[in-house]
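Okay, structure first, notes after.
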Amino acid sequence: GNCDGFVGNRMLAPYASEAKQLIEDGATIEQVDRAAQDFGMAMGPMTLGDLVGQELFWKQRKAAGDMNKQTKTYMGPYELTDWLCEQGRFGLKTPDPKIGANGRGIYIHRGRDKMVDPEVVAKLEEIRKTKNHPARKVTDEEICERLFFSMINEGFKILEEGFAQRSSDIDIVYIFGYGFPPAKGGPMFYAENYVGLAKVLERVEVYNKEAKERFTKNKAYLPVDYFEPSKLLIACAQ
């Protein structure tokens, strides 16, 4: 799939974006990671960000001269990770000897142990206040739906645009390259055989409405379109 970000990273972008949005909505960082791992992922999205490096897309946007830039491979909200990068805290690759950490980003990493950085929690609270976006209770079910249904909907768009021939091609990419639980057969197989496409579509429509309401009413939020239902998903769900 020779699209922006190819198949894997293009589908990972909505997943990563929703993880950041979920913690602004009120889910805790630990809760988002735990929900993804309980689903069967090798690691949660926040831990993954620290492993890959928080600075990756920060540097790309800086080079482009547009810190609000969004593409199919990276999208907001950016405030928390931009603040981390400005502090030189990229994750596992940036030790902080002052606090005995062999890596510092979202988490403080000490050997094989990690804990959410209290400064990150405080910054998150500050971001919510600045954006006038009060925290609310978020369930694990909502976390999983928003993480994986955004990813699945993007997968349907990739098929619709002809960048992948078969849904099983996408599943192979995700099982062998992205730590998706093999027992669930890949994101597309999971959508069709575990959840049901009608349910996926119904929830995608709900989250699309919520996302549109957020970014139209609150200008502190950038527009996102990954919950805009794929035409192919609509056709297959009927």
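Just remember, in the structure tokens the first chain shown is A, the second B, etc., residues are 1-based per chain, and ligands are 1-based in the order shown.
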Could you produce a table of the residues of range 89-116 of chain A lying within 7 Å of range 37-59 of chain A, with the nearest pair of atoms per residue and their separation in Å rounded to one decimal, using only C-alpha atoms, ordered by chain and increasing residue number, as JSON lines?
```
{"residue": "A:Phe90", "atom": "CA", "partner": "A:Gln54", "partner_atom": "CA", "distance": 4.7}
{"residue": "A:Gly91", "atom": "CA", "partner": "A:Asp50", "partner_atom": "CA", "distance": 4.0}
{"residue": "A:Leu92", "atom": "CA", "partner": "A:Leu51", "partner_atom": "CA", "distance": 5.7}
{"residue": "A:Gly105", "atom": "CA", "partner": "A:Asp50", "partner_atom": "CA", "distance": 5.8}
{"residue": "A:Ile106", "atom": "CA", "partner": "A:Asp50", "partner_atom": "CA", "distance": 6.6}
```
Please identify all polymer residues within 7 Å of range 14-26 of chain A, counting only C-alpha atoms, omitting same-chain residues fewer than 3 positions from it, and present them as a PyMOL selection string. chain A and resi 11+29+32+45+75-77+124+128+135-138+146-148+150-151+226
Neighbour list for Lys157 in chain A as a VMD selection string, cut-off 9 Å, only C-alpha atoms, skip fewer than 3 positions in-chain: chain A and resid 152 to 154 160 to 163 229 to 233
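Counting only C-alpha atoms, Ser168 in chain A has the following residues at most 12 Å away, ignoring those fewer than 3 positions along the same chain: Gly155, Phe156, Leu159, Ala164, Gln165, Asp171, Ile172, Val173, Tyr174, Ile175, Gly185, Gly186, Pro187, Met188, Phe189, Tyr190, Ala191 and Glu192 of chain A.
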For a quick check of understanding, using only C-alpha atoms, which of A:Thr139, A:Thr71, A:Ile127, A:Glu205 has the smallest distance to Val224 in chain A? A:Thr71
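The strand (DSSP E) portion of range 33-233 of chain A consists of A:Gly103, A:Arg104, A:Tyr107, A:Ile108, A:His109, A:Arg110, A:Asp113, A:Lys114, A:Met115, A:Val116, with states taken from DSSP on the backbone.
In this model, the gap between CA of Ala220 in chain A and CA of Thr130 in chain A comes to 8.7 Å.
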